[in-house]
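Read the structure below first, then the notes.
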Amino acid sequence: MLFQRVWILTFFILLLPAALSQTTGNQPVAIRFTDITAQAGITFKHVASPEKKYLVESMSGGVAAFDYDNDGNQDIYLVNCLSVDLAKSGEKTRSALYHNNGDNTFTDVTDKAGTGDVGWGMGATVGDYNNDGFDDLYVTSLGSNHLFRNNGNGTFTDVTRTAGVDDTRWSAGAAFLDYDNDGKLDLIVVNYVEYDLNHLPEFGKDKTCQYKGVAVQCGPRGMRGSGDSLFHNNGDGTFTDVSKKAGVSDPNGYFGMGVLCSDFDDDGWVDIYVANDSTPNFLYHNNGDGTFKEIGFLSGTALSQDGAEQGSMGVAVGDYDHDGRFDIFVTNFVDDYNTLYHNDARNTFTDVSYKANLATISMPFVGWGTKFFDYDNDGWVDLFIANGHVYPQLQYYHQRKLLHHNNRNGTFTEVAAQFGAPLMQERAGRGVAFADFDNDGDVDMIISDLDGPSQLLRNDGGNANNFILVKTIGVKSNRDGIGAKVKVVSGNLTQIDEVRGGGSYLAQNDLRLHFGLEKRAKADLIEIRWPSGIVDKITNVNVNKLLTIREGQGLMDQKDLKSAGKPTSR
């Protein structure tokens with residue numbers, strides 16, 4: 001009897017933080033994630049071999065959220081791949097571009113857009129590389145990558161070869177960035193391993209092709225890694241490969257997976273973080289002269305706290321503790337933990353994964369797409385991870401998602417169970433892109449599952465709290481404002497974020513920045529520090545709006561979004 005009482009008491013103690021996690025002030029916020037994939041008209045199905053006897057059949061699943069036609073609604077691009085059998089037979093699969101109709105439905109416009117055939121696709125990133133006002137699309141693949149130039153009329157043109165960005169290795173993550181602050185977007189591409197479909201490793205042939213005594217696909221250990229590429233934008237529609245000159249070519253051939261670009265030391269020059277699988281991660285510090293210095297080991301972001309290499313895939317950046325510095329989160333392989341590196345300033349970081357309550361719970365999972373995002377608009381970023389194993393030969397191949405609610409004290413509480421099937425259903429998650437797809441003031445997500453249908457999860461209820469959405473338009477800086485740092489002050493709440501290329505896993509998030517404000521009624525200050533060095537300040541801004549801010553000109557437009565707390569038509 002005593003044991004039963006202790007167990008019940010322990011249960012409620014463990015449950016209490018989760019129960020409170022949806023509460024702001026004295027008002028509970030009822031939030032759910034609704035799977036609207038079918039009703040939204042998204043019928044995309046990712047293709048791969050069910051057996052996944054080869055490494056290349058387990059890694060795809062990229063996705064991008066971007067407004068390709070500038071109608072104010074975030075559209076969706078989903079990357080498809082092949083199987084070894086399909087590739088050898090010459091058959092094709094179809095990646096898909098879905099137009100957001102603005103009413104919670106999407107229309108497949110792939111054929112008109114001309115973005116369907118990317119070969120063995122992996123991931124996608126977005127940026128307006130020619131500053132014409134329309135975002136372009138870069139797709140990584142096994143073999144030739146694809147730069148799709150947005151023609152501004154609903155169609156795209158593949159300009160990969162003429163632009164000079166055709167990395168023909170097995171490319172994974174990619175990101176647009178302006179590393180030299182010249183107002184033109186450059187491109188970083190990270191590559192995985194050398195892989196020849198005509199000379200494939202034999203399934204389960206030796207110890208490197210076995211997992212806990214079970215025969216599985218071979219790699220990446222035992223394989224030769226590939227270097228990475230940095231392409232400098234020449235301003236005339238072409239790029240120059242400056243990888244070696246810039247010091248980011250990865251001559252040792254680590255197994256590159258995820259990449260994200262951010263100014264970690266706040267010196268005005270964007271840095272590059274690369275998540276490497278089974279090899280140390282890279283942190284490239286921008287020297288401000290066109291070159292980078294790799295400081296992964298020196299900064300404390302290359303390895304786990306015990307000095308071990310990790311099987312890293314996805315990467316996210318955010319200021320989770322409101323100290324004004326961007327921290328790094330990395331998703332990793334099973335039997336290891338996901339890693340949170342706290343930014344201690346001056347290019348030093350500390351692994352606080354266990355302290356933050358993120359480590360132990362992640363051990364049974366293989367983590368992929370991830371992001372810091374404020375799902376309940378309380379002003380503190382939370383953390384999401386999509387999971388799924390790579391070996392279908394194991395019973396726990398399909399896995400649930402993780403959602404960590406920010407406790408505002410440097411720790412998180414995992415709350416996915418509160419949201420039921422949309423988060424707890426076991427799937428083979430890979431890439432995730434985050435955006436406010438219905439423009440109602442809370443952040444939704446599109447998840448790409450390996451060898452299966454995607455999942456569009458609409459956030460219902462997060463906008464019971466107030467918010468501001470910021471769209472940046474560069475003038476002297478690049479048109480998207482990628483690299484711009486935005487600070488929002490509302491009473492005693494100060495938040496920072498940054499317009500970034502890359503992140504998550506093989507994905508691109510909405511380039512608009514979302515700030516939850518809880519019940520605060522206005523933003524006292526919005527400050528934008530552009531890559532050019534120009535600073536814009538806007539004061540006394542009402543909440544629940546999309547703000548369009550143009551470099552050097554300040555606030556250009558305010559669009560009312562659906563009011564917080566009011567019922568919305570679905």
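Residue names in the structure tokens use chain letters A, B, ... in the order shown, residue numbers from 1 in each chain, and ligand numbers from 1 in the order shown.
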Pick out the residues sitting within 9 Å of Asp376 in chain A, and hand them over as a list in words; count only C-alpha atoms, and ignore anything fewer than 4 positions along from it in its own chain.
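These residues fall inside the cut-off: Gln22, Thr24, Val29, Ile31, Trp380, Val381, Asp382, Asp442, Val443, Asn459, Gly461, Gly462, Asn463, Ala464, Asn465, Gly516 and Glu518 of chain A.
CA of Arg408 in chain A is positioned 19.7 Å from CA of Asn338 in chain A.
Checking A:Thr140, A:Gln553, A:Thr413, A:Asn357 one by one against Leu506 in chain A, counting only C-alpha atoms, you find the shortest gap at A:Thr140.
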Spatial neighbours of Asp117 in chain A, max dist 10 Å, only C-alpha atoms, sep filter under 6 positions, as number ranges by chain:
A: 79-81, 92-96, 110-111, 146
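The coordinates place CA of Val242 in chain A at 5.7 Å from CA of Leu230 in chain A.
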Name all residues at most 12 Å from Gly474 in chain A (count only C-alpha atoms; drop same-chain ones fewer than 2 positions away) and give them as JSON, numbers by chain.
{"A": [128, 131, 132, 133, 178, 181, 182, 183, 184, 185, 471, 472, 476, 477, 478, 479, 480, 481, 482, 483, 484, 499, 528, 529, 530, 531, 532, 533, 534, 535, 536, 548, 549, 550, 551, 552, 553, 554]}
Kindly indicate which residue among A:Val84, A:Ala275, A:Val488, A:Ala124 lies nearest to Thr331 in chain A, using only C-alpha atoms for the distances.
A:Ala275
Residue among A:Asn343, A:Ser229, A:Asn406, A:Thr168 lying closest to Gly256 in chain A, counting only C-alpha atoms
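Comparing A:Asn343, A:Ser229, A:Asn406, A:Thr168 against Gly256 in chain A, the winner is A:Ser229.
Per DSSP on the backbone, strand (DSSP E) in range 167-239 of chain A comprises Ser171, Ala172, Gly173, Ala174, Ala175, Phe176, Leu177, Asp186, Leu187, Ile188, Val189, Val190, Asn191, Gln210, Tyr211, Val214, Ala215, Ser229, Leu230, Phe231, His232, Asn233 and Phe239 of chain A.
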Write the residues of the preceding selection, restricted to N, CA and C atoms, as a CSV table (one decimal), in the first residue's frame.
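So part-v9.csv came out as:
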chain,number,residue,atom,x,y,z
A,171,SER,N,25.6,14.9,-51.8
A,171,SER,CA,25.3,16.1,-51.0
A,171,SER,C,24.2,15.9,-50.1
A,172,ALA,N,24.3,16.5,-48.9
A,172,ALA,CA,23.2,16.4,-47.9
A,172,ALA,C,22.7,17.8,-47.6
A,173,GLY,N,23.2,18.4,-46.5
A,173,GLY,CA,22.7,19.7,-46.1
A,173,GLY,C,23.3,20.8,-47.0
A,174,ALA,N,22.5,21.9,-47.1
A,174,ALA,CA,23.0,23.1,-47.8
A,174,ALA,C,22.3,24.3,-47.2
A,175,ALA,N,23.0,25.5,-47.4
A,175,ALA,CA,22.4,26.7,-46.9
A,175,ALA,C,22.9,27.9,-47.7
A,176,PHE,N,22.0,28.9,-48.0
A,176,PHE,CA,22.5,30.2,-48.5
A,176,PHE,C,22.9,31.0,-47.4
A,177,LEU,N,24.0,31.8,-47.6
A,177,LEU,CA,24.5,32.7,-46.6
A,177,LEU,C,25.3,33.8,-47.4
A,186,ASP,N,25.7,33.6,-51.0
A,186,ASP,CA,26.6,32.5,-51.4
A,186,ASP,C,26.0,31.2,-51.0
A,187,LEU,N,26.7,30.1,-51.2
A,187,LEU,CA,26.0,28.8,-50.9
A,187,LEU,C,27.1,27.8,-50.4
A,188,ILE,N,26.7,27.2,-49.2
A,188,ILE,CA,27.5,26.2,-48.6
A,188,ILE,C,26.8,24.8,-48.8
A,189,VAL,N,27.5,23.8,-49.3
A,189,VAL,CA,27.0,22.5,-49.5
A,189,VAL,C,27.9,21.5,-48.8
A,190,VAL,N,27.3,20.6,-47.9
A,190,VAL,CA,28.1,19.6,-47.2
A,190,VAL,C,27.8,18.3,-47.8
A,191,ASN,N,28.8,17.5,-47.9
A,191,ASN,CA,28.7,16.1,-48.5
A,191,ASN,C,29.0,15.0,-47.6
A,210,GLN,N,26.9,-4.6,-39.4
A,210,GLN,CA,26.1,-5.3,-38.4
A,210,GLN,C,25.8,-4.3,-37.3
A,211,TYR,N,24.6,-4.5,-36.7
A,211,TYR,CA,24.2,-3.6,-35.5
A,211,TYR,C,23.6,-4.5,-34.5
A,214,VAL,N,22.8,-7.9,-35.7
A,214,VAL,CA,21.8,-8.0,-36.8
A,214,VAL,C,22.5,-7.5,-38.0
A,215,ALA,N,22.3,-8.2,-39.1
A,215,ALA,CA,22.8,-7.8,-40.4
A,215,ALA,C,22.1,-6.6,-40.9
A,229,SER,N,31.6,22.1,-50.1
A,229,SER,CA,31.8,23.1,-51.1
A,229,SER,C,31.2,24.4,-50.6
A,230,LEU,N,32.0,25.5,-50.8
A,230,LEU,CA,31.5,26.9,-50.6
A,230,LEU,C,31.5,27.6,-52.0
A,231,PHE,N,30.4,28.1,-52.4
A,231,PHE,CA,30.3,28.8,-53.7
A,231,PHE,C,30.1,30.3,-53.5
A,232,HIS,N,31.0,31.1,-54.0
A,232,HIS,CA,30.9,32.5,-53.9
A,232,HIS,C,30.1,33.1,-55.0
A,233,ASN,N,29.1,33.9,-54.7
A,233,ASN,CA,28.2,34.6,-55.7
A,233,ASN,C,28.9,35.7,-56.4
A,239,PHE,N,28.6,31.5,-59.9
A,239,PHE,CA,29.3,31.3,-58.6
A,239,PHE,C,30.7,30.8,-58.9
Correct to one decimal, the distance CA of Gly452 in chain A-CA of Gly314 in chain A is 19.8 Å
Using only C-alpha atoms, which residue out of A:Gly431, A:Asn509, A:Ile473, A:Asp440 lies closest to Asp560 in chain A?
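Using only C-alpha atoms, Asp560 in chain A sits closest to A:Asp440.
With distances restricted to only C-alpha atoms, A:Thr348 is the closest residue to Ile295 in chain A from A:Asn332, A:Ser262, A:Gln395, A:Thr348.
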Just want the 12 Å neighbourhood of Glu91 in chain A, counted on only C-alpha atoms, with same-chain residues fewer than 5 positions away dropped. Output as JSON, numbers by chain.
{"A": [47, 81, 82, 83, 84, 85, 86, 117, 119, 120]}
Quick one: write out the picked residues with N, CA and C atoms as a PDB file, in the first residue's frame?
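Once everything was written out, this is selection_29.pdb:
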ATOM      1  N   VAL A  47       9.723   7.863 -51.512  1.00  0.00           N
ATOM      2  CA  VAL A  47       9.988   6.525 -52.046  1.00  0.00           C
ATOM      3  C   VAL A  47      11.377   6.060 -51.650  1.00  0.00           C
ATOM      4  N   CYS A  81      13.397  10.669 -53.379  1.00  0.00           N
ATOM      5  CA  CYS A  81      14.638   9.983 -53.751  1.00  0.00           C
ATOM      6  C   CYS A  81      14.312   8.748 -54.584  1.00  0.00           C
ATOM      7  N   LEU A  82      15.231   7.815 -54.634  1.00  0.00           N
ATOM      8  CA  LEU A  82      15.073   6.586 -55.393  1.00  0.00           C
ATOM      9  C   LEU A  82      15.445   5.411 -54.495  1.00  0.00           C
ATOM     10  N   SER A  83      15.317   4.221 -55.015  1.00  0.00           N
ATOM     11  CA  SER A  83      15.929   3.039 -54.421  1.00  0.00           C
ATOM     12  C   SER A  83      17.022   2.580 -55.373  1.00  0.00           C
ATOM     13  N   VAL A  84      17.882   1.692 -54.907  1.00  0.00           N
ATOM     14  CA  VAL A  84      18.948   1.188 -55.779  1.00  0.00           C
ATOM     15  C   VAL A  84      18.348   0.509 -57.006  1.00  0.00           C
ATOM     16  N   ASP A  85      17.299  -0.251 -56.813  1.00  0.00           N
ATOM     17  CA  ASP A  85      16.667  -0.947 -57.947  1.00  0.00           C
ATOM     18  C   ASP A  85      16.087   0.043 -58.947  1.00  0.00           C
ATOM     19  N   LEU A  86      15.407   1.075 -58.449  1.00  0.00           N
ATOM     20  CA  LEU A  86      14.833   2.078 -59.349  1.00  0.00           C
ATOM     21  C   LEU A  86      15.928   2.819 -60.105  1.00  0.00           C
ATOM     22  N   ASP A 117      11.815  16.552 -61.143  1.00  0.00           N
ATOM     23  CA  ASP A 117      12.861  15.559 -61.353  1.00  0.00           C
ATOM     24  C   ASP A 117      14.197  16.059 -60.820  1.00  0.00           C
ATOM     25  N   GLY A 119      16.435  13.546 -59.567  1.00  0.00           N
ATOM     26  CA  GLY A 119      17.237  12.339 -59.420  1.00  0.00           C
ATOM     27  C   GLY A 119      17.083  11.763 -58.034  1.00  0.00           C
ATOM     28  N   TRP A 120      18.216  11.388 -57.433  1.00  0.00           N
ATOM     29  CA  TRP A 120      18.191  10.838 -56.076  1.00  0.00           C
ATOM     30  C   TRP A 120      18.282  12.006 -55.109  1.00  0.00           C
TER      31      TRP A 120
END
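Taking only C-alpha atoms, the non-local environment of Asp267 in chain A within 10 Å (same-chain residues fewer than 6 positions away omitted) comprises Asn286, Asn287, Gly288 and Arg346 of chain A.
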Output for the residues just chosen: N, CA and C atoms as a JSON list (two decimals), in the first residue's frame:
[["chain", "number", "residue", "atom", "x", "y", "z"],
["A", 286, "ASN", "N", 34.11, 32.83, -38.98],
["A", 286, "ASN", "CA", 34.35, 33.74, -40.10],
["A", 286, "ASN", "C", 35.38, 34.80, -39.69],
["A", 287, "ASN", "N", 36.49, 34.83, -40.41],
["A", 287, "ASN", "CA", 37.56, 35.78, -40.10],
["A", 287, "ASN", "C", 37.30, 37.18, -40.63],
["A", 288, "GLY", "N", 36.26, 37.33, -41.45],
["A", 288, "GLY", "CA", 35.92, 38.65, -41.99],
["A", 288, "GLY", "C", 36.74, 39.08, -43.18],
["A", 346, "ARG", "N", 32.41, 34.57, -26.60],
["A", 346, "ARG", "CA", 33.79, 34.52, -27.09],
["A", 346, "ARG", "C", 34.15, 33.17, -27.71]]
